[in-house]
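K.L.:
Mind having a look at this structure? Questions to follow.
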Amino acid sequence: MNRELEYMYVQCARVWIPDTEDVWKSAELTKDYKNGDSSLQLMLEDGTSIQHTLDPTTKNLPYLRNPDILVGENDLTALSYLHEPAVLHNLKVRFVDSKLIYTYCGIVLVAINPYETLPIYGTDIINAYSGQNMGDMDPHIFAVAEEAYKQMARDERNQSIIVSGESGAGKTVSAKYAMRYFATVSGTASEANIEEKVLASNPIMEAIGNAKTTRNDNSSRFGKYIEIGFDNRYHIIGANMRTYLLEKSRVVFQADDERNYHIFYQLCASSHLPEFKSLKLGNANNFLYTMQGRSPVIDGIDDTKELSNTRSAFTLLGINESYQMGLFRVLAAILHLGNVEIKDRDADSSVIPPNNHHLAAFCELVGVTYQDMTQWLCHRKLKTATETYIKTIPRLQATNARDALSKLIYAKLFNWIVEHVNKALITNMKQHSFIGVLDIYGFETFDINSFEQFCINYANEKLQQQFNMHVFKLEQEEYMKEQIPWTLIDFYDNQPCINLIEAKMGVLDLLDEECRMPKGSDDSWAQKLYNTHLKTCSLFEKPRMSNRAFIIQHFADKVEYQCEGFLEKNKDTVNEEQINVMKASRFALLVELFQDEEKATSPTGQVPGTGGRTRLSIKPDKSREKTSKEHKKTVGCQFRNSLQMLMETLNATTPHYVRCIKPNDFKMAFTFDPKRAVQQLRACGVLETIRISAAGFPSRWTYQEFFSRYRVLMKQKDVLHDKKLTCKNVLEKLVEDQDKYQFGKTKIFFRAGQVAYLEKLRADKLRAACIRIQKTIRCWLARKKYLRMRSAAITIQRFIRGYQARCLVKFLRRTRAATIIQKYRRMYVEKKRYRQKQAAALAMQTILRAYMARQKYQALLREHKVVIIQKRVRGWLARCWYKRCLVSIVYLQCCIRRMRARRELKKLKIEARSVEHFKKLNKGMENKIMQLQRRIDEQSKENRSVNEKLLGLENSYTTETDRMRTELSRLHGVEEEAKNKTNQLSSLLEELERLKKQLKTTQQEKKTIEDWAQTYQNEMETMVADLKDQNGSLKKEKDDLNRLIQEQSQQMTEKMVRAIAQETQQLETDLNEERSRYQNLLTEHLRLEEKYDDLKEVMASSNISKPGHRRTDSTHSSNESEYTYNSEYAELEEGSRAAEDVTRGIDTTLTLKQQKRITQLEQENQSLHNELENKDEQLQRARARSDAELKKARGAELEYESLKRQELESENKKLKHDLTEMRQSLLKDAAANAGAPGSPAYKVLLEQLSASSEELEVRKEEVLILRSQLVSQKEAMHHRETMTDPSVYAADVSKLKDADELKQACICLKDTNRSPRFMHKPLEVSDLLSRLRSAAPDFHKLNEDGELWLVNQGLKETTRLLEHQLQTQRRSYDGEVEALRSELQNLKEENNRQQQLLAQNLQLPPEARIEASLQHEITRLTNENLVPDDPTASREARVIILRRMVDLMEQLEKQDRTIRKLKKQLKVYSKRIGELGAGQTEGQTSPGQMVDEPIHPVNIPRREKDFQGMLEYKKEDELKLVKNLILELKPRGVAVNLIPGLPSYILFMCLRHADYLNDDQKVRTLLTSTINSIKKILKKRGDDFETVSFWLANTCRFLHCLKQYSGDEAFMKHNTSRQNEHCLTNFDLAEYRQVISDLAIQIYQQLIKCMENILQPMIVSGMLEHETIQGVSGVKPTGLRKRTSSIADEGTDTLDSILRQLNAFHSTMCQHGTDPELIKQVVKQQFYIIGAVTLNNLLLRKDMCSWSKGMQIRYNVSQLEEWLRDKGLMTCGAKETLEPLIQAAQLLQVKKKTDEDAEAICSMCQALTTAQIVKVLNLYTPVNEFEERVSVAFIRTIQTRLRDRCESPQLLMDTKMIYPVTFPFNPSSLALETIQIPSSLNLGFLTRV
């Protein structure tokens, strides 16, 4: 033990320590515990470190926490450590985190009130829990109810469900749901709807027995025990209710924030109604009894509506309106009585003020006199030994008496209602067993506890004792069953407390004794209690500060009771005279309430009086006194007796316990208050159950489960073949203390904490294994990484070294190349430099030499010029001297003149200034003059040069001096002329100035012209660019428009496709809904038929016991003669069967009538459609009137065809007439030789036969001629399509000569291109011309907006348009040529085929040749006329011709059938005539006469086949046919040895013969007998899948035969010609086809139910519980209610079992010949059932929601998909039905942490509803401690993301849903004439025809 403690209390171990706020707080050890330590070092969850000191006396260590994988378990006993903090924490986790309100605690179901409406009580949940073991599903009130119901049926022992808890914990709701479960599961055995009445009693009892308290808005203020009775088939037949301890004091007093009973407030809220005006009620605040709590309204409750529900419940329970109004009168009277005011008259008397309207209203309502009530409310009658007298009473006593009367009236009313409810719930049927539901108050303790709390706690003491004994008994039985040694478990026995209360001289006994005392009081009773029990009983205590209270130590807690009011409440005293006044009432209901009132109302022996008058008596009535003493019992005594009866009832039943817990006092949803929860857990006995379990062996494992869970703790050598021995050896090694476990027969029992110890060993072993695996994997990964890095490094080194070597080589190569380049570069540079220097030297030499030559030349030239200058200078000097002389002279003159000039200086200054201004103004002119001067200088230079030349010439040619002189003279003349010209210079300058001005003006004009040209050019370029941009934008706009149109067309197409798809899907959905609705109606009809048959069998069985003649109603006899079997077979043992067949026949006839009416309506609808089509045809004909000749020709041909048809009909009538004459002639000639050869009748017959044969050949030839004429008519009607001539467009374009027309055409084309209609309809050229010539545009404005470019573009568009049309015409022409070629090829093929057919027809007999040719011609014409043609007129003509041809073909077929029928009849008559002739000849021939040659009739036509696929039977053999073929047929032999569907073929062949005989009676009786017999055999053997499958296949085949051979073209397309000959000719069986289709639907539904009954028990075990992949999922510890083990034992269903069963279903249906489409529908339904049942169980089982189970489910689903793939059924839709299950399995396996995970889950789980996703996440439970739980925040994230989903809030899938079935037409290729009937069917009475 110490080793285990040291092993468990180690570092990081988690423990529970006490806490004042949270009761218990979790902490973690930070240091190992060693034996002898006085304290523990702990760290709280918030990180706070503390030191926990151990108790020095006990040294008890704190409680250990359970492993995380055990937290949130369904059963508290599955916890390894069973103690208070573990229980509290487990309940909190389940309630707050997982939103689970139910938890098992051994045999107790703990239910926590969620204060919120949860969707877990629907019918689907009830169906899911129905039939399940209690441990296989999650905890639920339905599981407890199912366990009680199952044990009642299995053990045949009555059951009880005890629901307890304090006010507001949800007791009433739990009891209500338990009763609802019984009502839903069991149903009712009568037509009185008992289950509805049982449920209807709840609102009544809640109205009169429930009230609002401070803890609960709908608190039950009484206890009730409801016994629900069942018959021997365990259907509800009735119920009975017993009530306990109604809180009557609430009628007259309510504490703050409380209310009186609901019924009072409902009446006050409804006082405005007309029927309640007489009650004189008003607001609840106006009455004393309803205003004391000051809380008249409950939030969310409509009292008016609640009263309406209460009245409806009264009505349902048989309490009529008059009684209801009477009850309401009594209740209103109580309210008025409470408002009666009583005042003091003096100290000892009281008085009621006169004319008290409340008292008057009370008297009026209850029918008593005002005076009597006034008298006895303020007086009382006292009795002494000798006399009786009346005494006044004070006001307080009068008020108490008034309140006592109110309480008594209400109590009587309550009991009366309970009594009548019980009467309504009781039936006359014998009760076989019952289930009791006890809804009783839990342990209560308040600040002030009175008599009511004492009784409640007394009842809980008794119930707790019974509970402890039951728990102890179950533990003892378990130990004895497993044969393990056990010692007496020490548990708390509350018998001493019960003895203290109920034993002799106990609290109740002393209370009754004190009540019998004349002057007994609460104080004296308290003193008696102190004297009696204070020193003798340890459970009784006296408060220190009070002498009027006492304390009792109950099993839950100590309770202090106040003695005040105990005696009064125990006596329940009422003034007897007041009761007498009530009995004398004129109100019948009030009298009925008080008629059973006990005679003595007071334990003091008071004698009741009569009426309200004073009556004195000397001698009292001794007998009455004795009777009153015997019958009067105190309230305590009555409660003790009723409690004793209740305990006897509970002890006689098997109890089931439900403990309701109130999580908080504020009614907040899913809020858990640990303090309040612990109080209630202690009070309701849950912790006591835990303690009892922990005292023994609470943990129990089977050997297989222990081996599977703790296999990891075993070594290979420890594993033996015997699992039990293996477990023993391992446990001896793991647990040293032998007392910690015990080995039973099938289980291992562990003490508390041992499973946690083993789990820790297992977790440590797994952790060590994980560490080793991690170490190895990390080593492998690191080594792999190292090797990869080493290899990478070597590779990198190799590449780097290679790279470096290559770089070195490259460097050396580049160095050598650089050296060579440098050498040649330097050589080139030096050579270039040398050449440059050489060239420079040469240039310098050349320049220098030239310079020197020029210098020499210049020197020579200077010398020559110097000479000339000297000469000129010398002349100049002479002239200068002369000039100086002259100047001097002039100077002298000037000086003189200066003196004169100075005088006029001032005058000349102004003039000088003006001259300067003028010079400034003419400065430009000086420049011009200077320019002219320069030109003169230049000219003078030229002259000088000429002179120089002349000088040169003079020097050179001295010899010509004379001539030169002459020339010089001439030059002098020229010089003079030049001087003259110089004189003309001014005029020349003026002319030059004028010319410059003209040049300037010309230049400006030129510049202006150039600027204008440049501007114009820029504008044109801008315009061209704009036009190009506009063209581009237009093209872009055009492309955008084209793209937009294409996109719009594509969008419209897609939209139309989507709309069509949606519409199609909607139509399919509507169709499926209609099918489902229709098939559900069929199912309901079948159920009613079965119910009717059961009732009829019961009546038949009762009638059979009475011998004698049975008289049949005439109607039934007529129906029997028309629809049922032959009356000769109606024996006594078959009477019920015949009656059933008659009834079924009537039902079938009614169905046929309804279907016939539907058919008539459909025909009317079809006629309206035909009329509409005729109108359309008339409209089309009106459009096609242009082709008059074709129409006339067609009319002529049609007229010719109608004439031919009339001739054929007349000939047919003629043949019928001849046949009638022949029959008459045969009938008239009755002589013996009438049929002899040569007789008149015989000759007439031969003549008519030959005439008919000739006429037949003539008619066939005429038909051939008619067909040939139809062919010629078709060729004449060939449509010619007019083609568009391209020359027209050329002519139109040629007309566009004018520029205006071109402009207008361009504008029109531009508008056309911009128009959206341009894409649909191109603009014609003729329209373009018309638009062009319609207006006359201004030519001068042509180019303002770029019209010339538009014209150009328009011409281009026109050209493209013409080219496009030309290409279109060319393509059309090519298509026509190709069509003509293909038509020519078809004609060639047709010609070859005709030749082949002609060759084949030549080999046939003449008659067959004509028929074959005719059939071929009809086929050819049909094919030709069905070829689609575009022209409307040709299509209409062909449709009309095709319709006429179809009509002619029908007429021809009718004629052929009539001729064949006549031929057959002629053949029969000829045979009869031959037989008569042969008999006549034999009779007339003598013995000696030799007959040389028999006389034969005339030639007989071609011989028909012997067997026509019909079976003939006599009408009296019909019953034998049905009996052998349906009722006594064994499907196994027929399916294996014979062809599939043989019975259907035989029945149809018999039906064909009845149709052939035109016998409607025979057809009707055969079909009705067949349908009824199939229903009978299915009813008899409806649980046999093979039988149901066989008749489903045969019914479908029979239905297909009726369609295939109905003669309807829609069903004849796949028939052979021989099969078409076998079609029905006389009867249209469409109505019967519908009946048989309904029958097939019923059989299909029965097949699905049969299949579901076989599959459903296997699904949960095979899909969820069985481990297909062994070792993936571990087995967790389980509690007292063991779940189904996942280990495959013998007889356990596995996935292989399911697959084998599916194979059996599939092979059986295939052997029976079931249609493949129908098999697909069956498989789809099978897989839906598998998926729905599996998912529903997954959603209701917390232990199945784990990662490993998700893997198992996905593997199982993959196996199912593989089965579908093997069978070729992947396309049947079965896989899609498993999608919710697949997504649920994926949800169990995906990560559930981050927001990305939440987004992935939301996108993945599309087939699951939000409720299902949240439920799976809440239920997700780790199997191993390595897994993590789903956080509450993650679940909230999922809910937020899925908030916008529009879906059903339903949690479970509907397992009863059946997909609507369809029967696609499946024709048979089997020929009827080839079918052989085996002798094993005993159908030798059938004759082949």
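Simple scheme: letters A, B, ... for chains in structure tokens order, numbers from 1 for residues in each chain, numbers from 1 for ligands in the order shown.
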Identify, on the basis of only C-alpha atoms, every residue whose closest approach to Lys1742 (chain A) does not exceed 8 Å; exclude the query and any residue fewer than 6 positions from it along the same chain; express the result as number ranges by chain.
P.N.:
A: 74, 138, 1819-1821
K.L.:
Since we have the selection now, will you write its residues out, keeping N, CA and C atoms, as a PDB file, in the first residue's frame?
P.N.:
```
ATOM      1  N   ASN A  74     -19.904   8.716 -18.928  1.00  0.00           N
ATOM      2  CA  ASN A  74     -21.359   8.620 -18.823  1.00  0.00           C
ATOM      3  C   ASN A  74     -21.795   8.109 -17.457  1.00  0.00           C
ATOM      4  N   ASP A 138     -26.152   6.815 -24.670  1.00  0.00           N
ATOM      5  CA  ASP A 138     -25.818   7.845 -23.696  1.00  0.00           C
ATOM      6  C   ASP A 138     -26.938   7.986 -22.671  1.00  0.00           C
ATOM      7  N   LEU A1819     -19.393  15.411 -28.007  1.00  0.00           N
ATOM      8  CA  LEU A1819     -19.248  14.027 -27.552  1.00  0.00           C
ATOM      9  C   LEU A1819     -17.842  13.485 -27.759  1.00  0.00           C
ATOM     10  N   TYR A1820     -17.013  14.218 -28.488  1.00  0.00           N
ATOM     11  CA  TYR A1820     -15.677  13.684 -28.794  1.00  0.00           C
ATOM     12  C   TYR A1820     -14.927  13.392 -27.498  1.00  0.00           C
ATOM     13  N   THR A1821     -14.470  12.141 -27.356  1.00  0.00           N
ATOM     14  CA  THR A1821     -13.849  11.684 -26.124  1.00  0.00           C
ATOM     15  C   THR A1821     -12.540  10.988 -26.457  1.00  0.00           C
TER      16      THR A1821
END
```
K.L.:
Of the candidates A:Val108, A:Leu438, A:Ile889, A:Leu1702, which shows the shortest atom-to-atom distance to Leu650 (chain A), using only C-alpha atoms?
P.N.:
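Nearest to Leu650 (chain A): A:Leu438.
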K.L.:
Please report, as CSV, each residue of region 73-105 of chain A lying at most 12 Å from region 737-751 of chain A, together with the nearest pair of atoms and the separation in Å rounded to one decimal; use only C-alpha atoms, and order rows by chain and ascending residue number.
P.N.:
```
residue,atom,partner,partner_atom,distance
A:Thr77,CA,A:Arg751,CA,11.6
A:Ala78,CA,A:Phe750,CA,11.4
A:Leu79,CA,A:Arg751,CA,11.4
A:Ser80,CA,A:Arg751,CA,8.7
A:Tyr81,CA,A:Arg751,CA,9.4
A:Leu82,CA,A:Arg751,CA,9.9
```
K.L.:
Going by DSSP on the backbone, which bits of region 1635-1774 of chain A are helix (DSSP H, G or I)? Write them as a PyMOL selection string, please.
P.N.:
chain A and resi 1635-1665+1695-1711+1716-1739+1742-1744+1747-1767+1774
